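Containing mmCIF, C-alpha atoms and all ligand atoms: structure_34.cif.
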data_query
#
loop_
_atom_site.label_atom_id
_atom_site.label_comp_id
_atom_site.auth_asym_id
_atom_site.auth_seq_id
_atom_site.Cartn_x
_atom_site.Cartn_y
_atom_site.Cartn_z
CA MET A 1 -87.64 12.31 -40.26
CA LEU A 2 -83.99 12.89 -39.39
CA TYR A 3 -81.74 13.95 -42.27
CA ILE A 4 -78.05 13.44 -41.55
CA VAL A 5 -76.38 15.74 -44.03
CA GLY A 6 -72.68 15.85 -44.94
CA LEU A 7 -71.39 19.41 -45.52
CA GLY A 8 -68.11 18.56 -47.26
CA LEU A 9 -64.83 20.20 -46.34
CA GLY A 10 -64.57 23.76 -47.61
CA ASP A 11 -67.26 26.31 -46.89
CA GLU A 12 -71.05 26.69 -46.83
CA ARG A 13 -71.20 26.12 -50.62
CA ASP A 14 -69.87 22.57 -50.41
CA ILE A 15 -73.24 21.17 -49.35
CA THR A 16 -74.80 19.03 -52.12
CA VAL A 17 -77.95 20.14 -53.94
CA ARG A 18 -79.81 17.22 -52.35
CA GLY A 19 -78.44 18.23 -48.92
CA LEU A 20 -79.54 21.83 -49.40
CA ASP A 21 -83.05 20.76 -50.48
CA ALA A 22 -83.37 18.67 -47.33
CA VAL A 23 -82.08 21.42 -45.03
CA ARG A 24 -84.45 24.00 -46.51
CA ARG A 25 -87.37 21.64 -45.89
CA CYS A 26 -86.51 21.11 -42.24
CA ALA A 27 -88.23 22.71 -39.26
CA LYS A 28 -85.08 22.50 -37.12
CA VAL A 29 -81.40 22.36 -38.08
CA TYR A 30 -78.60 21.18 -35.78
CA MET A 31 -74.90 21.17 -36.60
CA GLU A 32 -72.35 18.83 -35.07
CA ALA A 33 -69.38 20.97 -34.10
CA TYR A 34 -66.85 18.87 -32.23
CA THR A 35 -65.35 16.22 -34.53
CA SER A 36 -64.45 18.43 -37.46
CA LEU A 37 -64.50 21.99 -38.75
CA LEU A 38 -65.26 23.55 -42.09
CA SER A 39 -62.25 25.40 -43.44
CA LEU A 40 -64.19 28.64 -42.99
CA GLY A 41 -64.11 27.99 -39.22
CA LEU A 42 -67.00 28.15 -36.82
CA ASP A 43 -66.91 31.64 -35.36
CA PRO A 44 -70.23 33.54 -35.28
CA ALA A 45 -69.51 35.16 -38.69
CA SER A 46 -68.93 31.78 -40.37
CA LEU A 47 -72.06 30.37 -38.79
CA ALA A 48 -73.95 33.37 -40.16
CA ASN A 49 -72.69 32.46 -43.66
CA LEU A 50 -74.14 28.99 -43.29
CA GLU A 51 -77.44 30.31 -41.95
CA LYS A 52 -77.72 32.83 -44.76
CA MET A 53 -77.08 30.31 -47.52
CA TYR A 54 -79.31 27.61 -46.00
CA GLY A 55 -82.02 30.11 -45.02
CA LYS A 56 -82.29 28.49 -41.58
CA GLU A 57 -81.24 29.18 -38.04
CA ILE A 58 -78.66 26.60 -36.94
CA THR A 59 -78.31 25.22 -33.43
CA VAL A 60 -74.70 24.22 -32.76
CA ALA A 61 -74.62 20.81 -31.10
CA ASP A 62 -71.57 20.06 -28.97
CA ARG A 63 -70.42 16.59 -27.87
CA GLU A 64 -72.40 16.78 -24.64
CA MET A 65 -75.60 17.56 -26.51
CA VAL A 66 -75.18 14.79 -29.09
CA GLU A 67 -73.97 12.13 -26.68
CA GLU A 68 -76.11 12.92 -23.66
CA HIS A 69 -79.11 14.98 -24.79
CA ALA A 70 -79.85 13.77 -28.32
CA ASP A 71 -83.31 12.69 -27.21
CA GLN A 72 -84.70 16.21 -27.61
CA MET A 73 -83.55 16.39 -31.24
CA LEU A 74 -84.83 12.86 -31.91
CA SER A 75 -88.22 13.60 -30.29
CA GLU A 76 -88.57 16.62 -32.59
CA ALA A 77 -87.80 14.33 -35.55
CA VAL A 78 -90.72 12.02 -34.66
CA ASP A 79 -93.29 14.48 -36.10
CA ALA A 80 -91.18 17.00 -38.02
CA GLU A 81 -88.29 17.12 -40.47
CA VAL A 82 -85.03 17.75 -38.65
CA ALA A 83 -81.52 18.07 -40.10
CA PHE A 84 -78.30 17.11 -38.37
CA LEU A 85 -75.34 18.62 -40.25
CA VAL A 86 -71.92 16.98 -40.14
CA VAL A 87 -68.73 18.47 -41.59
CA GLY A 88 -67.22 16.12 -44.19
CA ASP A 89 -69.24 12.94 -44.60
CA PRO A 90 -71.50 11.75 -41.77
CA PHE A 91 -69.79 8.36 -41.85
CA GLY A 92 -66.25 9.44 -42.73
CA ALA A 93 -63.90 8.76 -39.79
CA THR A 94 -66.40 9.69 -37.06
CA THR A 95 -69.43 7.51 -37.49
CA HIS A 96 -72.75 8.71 -36.25
CA THR A 97 -74.10 5.18 -36.05
CA ASP A 98 -75.06 5.63 -32.40
CA LEU A 99 -77.43 8.43 -33.38
CA VAL A 100 -78.89 6.33 -36.19
CA VAL A 101 -79.50 3.39 -33.85
CA ARG A 102 -81.19 5.64 -31.27
CA ALA A 103 -83.32 7.30 -33.96
CA LYS A 104 -84.45 3.98 -35.39
CA SER A 105 -85.26 2.61 -31.94
CA MET A 106 -87.56 5.64 -31.42
CA GLY A 107 -89.26 4.93 -34.76
CA VAL A 108 -87.66 7.97 -36.46
CA GLU A 109 -86.94 7.51 -40.15
CA VAL A 110 -83.34 8.41 -41.07
CA LYS A 111 -82.00 9.60 -44.42
CA VAL A 112 -78.28 10.12 -44.97
CA ILE A 113 -76.99 12.58 -47.58
CA HIS A 114 -73.30 11.98 -48.22
CA ASN A 115 -70.50 14.40 -49.09
CA ALA A 116 -66.70 14.49 -49.45
CA SER A 117 -64.70 13.37 -46.42
CA VAL A 118 -61.10 13.85 -45.35
CA MET A 119 -60.93 10.06 -45.84
CA ASN A 120 -61.25 10.35 -49.62
CA ALA A 121 -60.12 13.93 -50.27
CA VAL A 122 -56.57 13.06 -49.14
CA GLY A 123 -56.34 11.34 -52.53
CA VAL A 124 -55.42 14.79 -53.91
CA CYS A 125 -51.85 14.36 -52.61
CA GLY A 126 -51.31 11.57 -55.13
CA LEU A 127 -50.99 8.60 -52.79
CA GLN A 128 -53.48 5.95 -53.88
CA LEU A 129 -56.33 5.36 -51.47
CA TYR A 130 -56.10 1.59 -51.69
CA ARG A 131 -52.47 1.65 -50.57
CA TYR A 132 -53.28 2.84 -47.01
CA GLY A 133 -53.21 0.79 -43.81
CA GLU A 134 -55.32 1.51 -40.72
CA THR A 135 -56.16 5.21 -40.15
CA ILE A 136 -54.97 6.38 -36.74
CA SER A 137 -55.93 9.25 -34.43
CA ILE A 138 -53.29 11.13 -32.47
CA PRO A 139 -54.54 12.68 -29.22
CA PHE A 140 -52.92 15.67 -27.50
CA PHE A 141 -50.45 14.42 -24.89
CA THR A 142 -50.72 15.84 -21.39
CA GLU A 143 -48.22 15.71 -18.51
CA THR A 144 -49.80 12.50 -17.26
CA TRP A 145 -51.55 11.01 -20.29
CA ARG A 146 -49.41 10.05 -23.27
CA PRO A 147 -51.31 7.23 -25.02
CA ASP A 148 -49.43 5.52 -27.84
CA SER A 149 -51.62 2.63 -28.99
CA PHE A 150 -51.37 4.04 -32.53
CA TYR A 151 -47.69 3.03 -32.65
CA GLU A 152 -48.33 -0.67 -33.28
CA LYS A 153 -50.81 0.17 -36.03
CA ILE A 154 -48.26 2.36 -37.81
CA GLN A 155 -45.65 -0.36 -37.41
CA ASN A 156 -47.95 -2.97 -38.98
CA SER A 157 -48.71 -0.72 -41.96
CA ARG A 158 -45.04 0.14 -42.43
CA ARG A 159 -44.14 -3.57 -42.53
CA LEU A 160 -46.64 -3.97 -45.39
CA GLY A 161 -45.35 -0.85 -47.18
CA LEU A 162 -48.70 0.94 -46.70
CA HIS A 163 -49.32 4.64 -46.09
CA THR A 164 -50.81 5.78 -42.75
CA LEU A 165 -53.35 8.59 -42.51
CA CYS A 166 -53.08 10.30 -39.11
CA LEU A 167 -56.11 12.32 -37.99
CA LEU A 168 -55.19 14.91 -35.39
CA ASP A 169 -56.90 15.76 -32.15
CA ILE A 170 -59.55 18.46 -31.88
CA ARG A 171 -60.52 19.71 -28.45
CA VAL A 172 -63.63 21.85 -28.56
CA LYS A 173 -65.67 22.64 -25.46
CA GLU A 174 -63.82 20.12 -23.32
CA PRO A 175 -64.31 20.64 -19.57
CA THR A 176 -61.12 21.13 -17.56
CA LEU A 177 -60.26 18.28 -15.19
CA GLU A 178 -60.26 20.69 -12.27
CA SER A 179 -63.78 21.90 -13.03
CA LEU A 180 -65.03 18.31 -13.33
CA CYS A 181 -63.67 17.58 -9.85
CA ARG A 182 -65.47 20.66 -8.53
CA GLY A 183 -68.71 19.65 -10.20
CA LYS A 184 -69.16 22.90 -12.17
CA LYS A 185 -67.98 22.70 -15.75
CA VAL A 186 -65.47 25.26 -17.03
CA TYR A 187 -64.31 24.70 -20.59
CA GLU A 188 -60.79 24.70 -22.06
CA PRO A 189 -60.14 27.04 -24.99
CA ALA A 190 -60.57 25.21 -28.34
CA ARG A 191 -57.39 23.54 -29.62
CA PHE A 192 -56.60 21.88 -32.94
CA MET A 193 -53.47 19.75 -33.30
CA THR A 194 -50.95 20.93 -35.87
CA VAL A 195 -48.82 18.76 -38.13
CA ASN A 196 -45.80 19.95 -36.10
CA THR A 197 -47.21 18.77 -32.75
CA ALA A 198 -48.27 15.45 -34.29
CA ILE A 199 -44.74 14.82 -35.60
CA SER A 200 -43.04 15.75 -32.35
CA GLN A 201 -45.37 13.39 -30.43
CA LEU A 202 -44.77 10.62 -33.00
CA LEU A 203 -40.99 11.03 -32.64
CA GLU A 204 -41.27 10.92 -28.85
CA VAL A 205 -43.21 7.65 -29.07
CA GLU A 206 -40.70 6.14 -31.52
CA GLU A 207 -37.86 7.01 -29.15
CA LEU A 208 -39.71 5.26 -26.32
CA HIS A 209 -40.47 2.10 -28.31
CA GLY A 210 -37.30 1.98 -30.38
CA GLY A 211 -39.11 -0.21 -32.88
CA SER A 212 -37.83 1.63 -35.96
CA ALA A 213 -41.35 1.98 -37.34
CA TYR A 214 -40.34 5.45 -38.54
CA GLY A 215 -37.84 8.17 -37.64
CA PRO A 216 -36.83 11.78 -38.30
CA ASP A 217 -35.95 10.90 -41.92
CA SER A 218 -39.24 9.14 -42.72
CA LEU A 219 -41.12 10.73 -45.58
CA CYS A 220 -44.46 12.33 -44.63
CA MET A 221 -47.03 14.63 -46.14
CA GLY A 222 -48.58 17.37 -44.04
CA ILE A 223 -51.97 18.64 -45.18
CA ALA A 224 -53.92 21.69 -44.00
CA ARG A 225 -57.43 22.92 -44.86
CA LEU A 226 -58.04 20.20 -47.40
CA GLY A 227 -60.79 21.12 -49.83
CA SER A 228 -60.48 24.87 -49.37
CA ASP A 229 -58.94 27.38 -51.76
CA ASP A 230 -55.90 27.82 -49.54
CA GLN A 231 -55.23 24.16 -48.79
CA LYS A 232 -51.56 23.44 -48.11
CA ILE A 233 -49.75 20.19 -48.85
CA VAL A 234 -46.04 19.74 -48.12
CA ALA A 235 -44.02 16.53 -48.41
CA GLY A 236 -40.68 15.92 -46.73
CA PRO A 237 -38.88 14.07 -43.97
CA MET A 238 -40.46 14.38 -40.52
CA LYS A 239 -37.58 16.48 -39.21
CA LYS A 240 -38.10 19.09 -41.95
CA LEU A 241 -41.91 19.22 -41.65
CA LEU A 242 -41.44 20.00 -37.95
CA ASP A 243 -40.58 23.59 -38.93
CA VAL A 244 -43.18 24.19 -41.65
CA ASP A 245 -45.98 26.61 -40.76
CA PHE A 246 -49.18 24.98 -42.05
CA GLY A 247 -51.40 27.83 -40.87
CA ALA A 248 -54.99 27.63 -39.67
CA PRO A 249 -56.72 24.30 -38.84
CA LEU A 250 -57.59 21.61 -39.70
CA HIS A 251 -54.43 19.58 -40.26
CA CYS A 252 -53.73 15.91 -40.95
CA LEU A 253 -50.59 13.93 -41.68
CA ILE A 254 -49.66 11.00 -43.87
CA ILE A 255 -46.71 8.73 -43.13
CA VAL A 256 -45.73 7.64 -46.62
CA GLY A 257 -45.20 3.92 -47.24
CA GLU A 258 -43.65 2.37 -50.33
CA THR A 259 -44.51 4.43 -53.38
CA HIS A 260 -45.51 3.45 -56.88
CA PRO A 261 -43.72 5.49 -59.63
CA VAL A 262 -46.95 7.41 -60.38
CA GLU A 263 -47.38 8.24 -56.69
CA GLN A 264 -43.74 9.32 -56.54
CA GLU A 265 -44.17 11.64 -59.50
CA MET A 266 -47.09 13.44 -57.84
CA LEU A 267 -45.32 13.53 -54.49
CA GLU A 268 -42.38 15.40 -56.03
CA PHE A 269 -44.71 18.37 -56.75
CA TYR A 270 -45.22 18.80 -53.02
CA MET A 271 -41.66 18.09 -51.90
CA ILE A 272 -40.19 20.71 -49.58
CA LYS A 273 -37.45 22.69 -51.30
C1 LIG B 301 -62.94 12.92 -37.17
S1 LIG B 301 -62.18 13.44 -38.60
C2 LIG B 301 -63.30 14.09 -39.75
C3 LIG B 301 -64.56 13.46 -39.97
C4 LIG B 301 -65.43 14.16 -40.99
N1 LIG B 301 -66.78 13.70 -40.75
C5 LIG B 301 -65.04 13.87 -42.44
O1 LIG B 301 -65.71 13.05 -43.06
O2 LIG B 301 -64.09 14.49 -42.95
C6 LIG B 301 -61.48 14.93 -38.08
C7 LIG B 301 -60.00 14.99 -38.36
O3 LIG B 301 -59.76 14.80 -39.75
C8 LIG B 301 -58.78 15.72 -40.20
N2 LIG B 301 -59.45 16.65 -41.12
C9 LIG B 301 -60.78 16.81 -41.32
N3 LIG B 301 -61.03 17.74 -42.25
C10 LIG B 301 -59.81 18.17 -42.67
C11 LIG B 301 -59.38 19.14 -43.64
N4 LIG B 301 -60.27 19.84 -44.33
N5 LIG B 301 -58.04 19.33 -43.80
C12 LIG B 301 -57.14 18.62 -43.09
N6 LIG B 301 -57.49 17.70 -42.18
C13 LIG B 301 -58.79 17.48 -41.96
C14 LIG B 301 -58.24 16.46 -38.98
O4 LIG B 301 -57.09 15.80 -38.52
C15 LIG B 301 -59.41 16.34 -38.03
O5 LIG B 301 -59.01 16.42 -36.70
#
Could you render the structure as structure tokens?
Amino acid sequence: MLYIVGLGLGDERDITVRGLDAVRRCAKVYMEAYTSLLSLGLDPASLANLEKMYGKEITVADREMVEEHADQMLSEAVDAEVAFLVVGDPFGATTHTDLVVRAKSMGVEVKVIHNASVMNAVGVCGLQLYRYGETISIPFFTETWRPDSFYEKIQNSRRLGLHTLCLLDIRVKEPTLESLCRGKKVYEPARFMTVNTAISQLLEVEELHGGSAYGPDSLCMGIARLGSDDQKIVAGPMKKLLDVDFGAPLHCLIIVGETHPVEQEMLEFYMIK
């Protein structure tokens, strides 16, 4: 049996009672650690908090392990109970459908235990969830790679007056290009995109396209560490949010569409002074 367990957004205590029961029953516990991050972080001390509360040793599974070597975990799940922990909800934003398909094709039974996701918790900022267009992901630009396919999606949502949730790049245990060429992997230090970097990349793309989808005066909401005690939400024009320090990861950004009076009222609480 493979349990895919959502951990929620804050710390080790955000797991559900059903999730905790499942984890405590399992012979082996893996944790996906490359598409999101609990607000308590994932340094050895934070991992120890999780292990202490769950009463289990946790094997951190990076992208390489999940995408290329999941067979070992799935083979273990043929005869034993195995848990795969995912920050947020297992099917919020990043879907783990590939793992489910592989498990089922090996005859492994799968049970999913849901939890809060960034996709629904952003509701706390007051913008109604059913007034959003397509969610977009903003990757870190490099000297030679500046993808902007998200621009058209934002433009379409803006035409319809819808809000856009922007999820921001996370680079954890990514091999450097140079090391890939040499055939011996060396990993980049972990990086998490800030609201500030996301806005400056968005403005660069707007300048290139000149499509007036948004601009320095467009109203946005920057959100950091959603679901934790020190979450930070600030609303304001892009050009002002560029200078706000949102602190530790994770961050996401909302480009605000047309607002309903109730949404507007809530938004005012977060407006930058
Ligand atoms: C792939 S998505 C998260 C998927 C996760 N399974 C979930 O359901 O929340 C990861 C991105 O969502 C955003 N995100 C996730 N958790 C967040 C949080 N607690 N606060 C702010 N942004 C968050 C960040 O932009 C992050 O890079």
Contacts of ligand LIG 301 (chain B), 6 Å or closer, all atoms listed in the file, given as a CSV table (one decimal) with C-alpha atoms, in the coordinates of the input:
chain,number,residue,atom,x,y,z
A,9,LEU,CA,-64.8,20.2,-46.3
A,35,THR,CA,-65.4,16.2,-34.5
A,36,SER,CA,-64.4,18.4,-37.5
A,39,SER,CA,-62.2,25.4,-43.4
A,87,VAL,CA,-68.7,18.5,-41.6
A,88,GLY,CA,-67.2,16.1,-44.2
A,89,ASP,CA,-69.2,12.9,-44.6
A,90,PRO,CA,-71.5,11.8,-41.8
A,92,GLY,CA,-66.2,9.4,-42.7
A,93,ALA,CA,-63.9,8.8,-39.8
A,94,THR,CA,-66.4,9.7,-37.1
A,117,SER,CA,-64.7,13.4,-46.4
A,118,VAL,CA,-61.1,13.8,-45.4
A,167,LEU,CA,-56.1,12.3,-38.0
A,168,LEU,CA,-55.2,14.9,-35.4
A,169,ASP,CA,-56.9,15.8,-32.2
A,170,ILE,CA,-59.6,18.5,-31.9
A,223,ILE,CA,-52.0,18.6,-45.2
A,224,ALA,CA,-53.9,21.7,-44.0
A,225,ARG,CA,-57.4,22.9,-44.9
A,226,LEU,CA,-58.0,20.2,-47.4
A,227,GLY,CA,-60.8,21.1,-49.8
A,250,LEU,CA,-57.6,21.6,-39.7
A,251,HIS,CA,-54.4,19.6,-40.3
A,252,CYS,CA,-53.7,15.9,-41.0
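Taking CA of Val108 (chain A) and CA of Ile58 (chain A) as endpoints, the distance between them is 20.7 Å.
Nearest-residue note for Thr142 (chain A): choosing from A:Leu20, A:His114, A:Leu177, A:Gly123, the minimum distance belongs to A:Leu177, counting only C-alpha atoms.
Candidate residues A:Pro216, A:Glu263, A:Ala70, A:Lys273 were compared for distance to Val244 (chain A), and the nearest is A:Lys273, using all atoms listed in the file.
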Quiz item: From the list A:Leu74, A:Val262, A:Leu160, A:Ala22, which residue is nearest Gly55 (chain A) when using only C-alpha atoms?
Solution: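 Looking at the shortest contact to Gly55 (chain A), the residue is A:Ala22.
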Quiz item: Just how far from CA of Ser137 (chain A) is CA of Tyr214 (chain A), in Å to one decimal?
Solution: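 Atom-to-atom, CA of Tyr214 (chain A) and CA of Ser137 (chain A) are spaced 16.6 Å apart.
Among the candidates A:Gly107, A:Gly257, A:Gly133, A:Pro189, the one nearest to Gly161 (chain A) when counting all atoms listed in the file is A:Gly257.
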Quiz item: For Lys173 (chain A), which residue among A:Glu32, A:Glu265, A:Glu64, A:Glu134 is the nearest when counting only C-alpha atoms?
Solution: A:Glu64
Can you list, as a JSON list (two decimals) with C-alpha atoms, in the frame of the given file, every protein, DNA or RNA residue that comes within 9 Å of Lys56 (chain A) when you count all atoms listed in the file, leaving out same-chain residues fewer than 4 positions away?
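What ended up in selection21.json:
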[["chain", "number", "residue", "atom", "x", "y", "z"],
["A", 23, "VAL", "CA", -82.08, 21.42, -45.03],
["A", 24, "ARG", "CA", -84.45, 24.00, -46.51],
["A", 26, "CYS", "CA", -86.51, 21.11, -42.24],
["A", 27, "ALA", "CA", -88.23, 22.71, -39.26],
["A", 28, "LYS", "CA", -85.08, 22.50, -37.12],
["A", 29, "VAL", "CA", -81.40, 22.36, -38.08],
["A", 50, "LEU", "CA", -74.14, 28.99, -43.29],
["A", 51, "GLU", "CA", -77.44, 30.31, -41.95],
["A", 52, "LYS", "CA", -77.72, 32.83, -44.76]]
Self-check item: Residue among A:Asp217, A:Gln201, A:Ala83, A:Glu174 lying closest to Thr59 (chain A), counting all atoms listed in the file
Solution: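 Selected residue with least distance to Thr59 (chain A): A:Ala83.
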Practice problem: Quick one: everything within 9 Å of Val172 (chain A), counting only C-alpha atoms, minus sequence neighbours fewer than 4 positions away in the same chain. Send it as an NGL selection string. | Solution: :A and (33-35 or 62-63 or 187-192)
Quiz item: Expressed in Å to a single decimal, how great is the separation between CA of Ser200 (chain A) and CA of Ala116 (chain A)?
Solution: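 These two atoms are separated by 29.2 Å.
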Practice problem: Select all residues near (-48.6, 9.9, -41.5) (cut-off 8 Å, inclusive, file coordinates), counting only C-alpha atoms, and output them as a ChimeraX atom specification. | Solution: /A:163-166,220-222,252-256
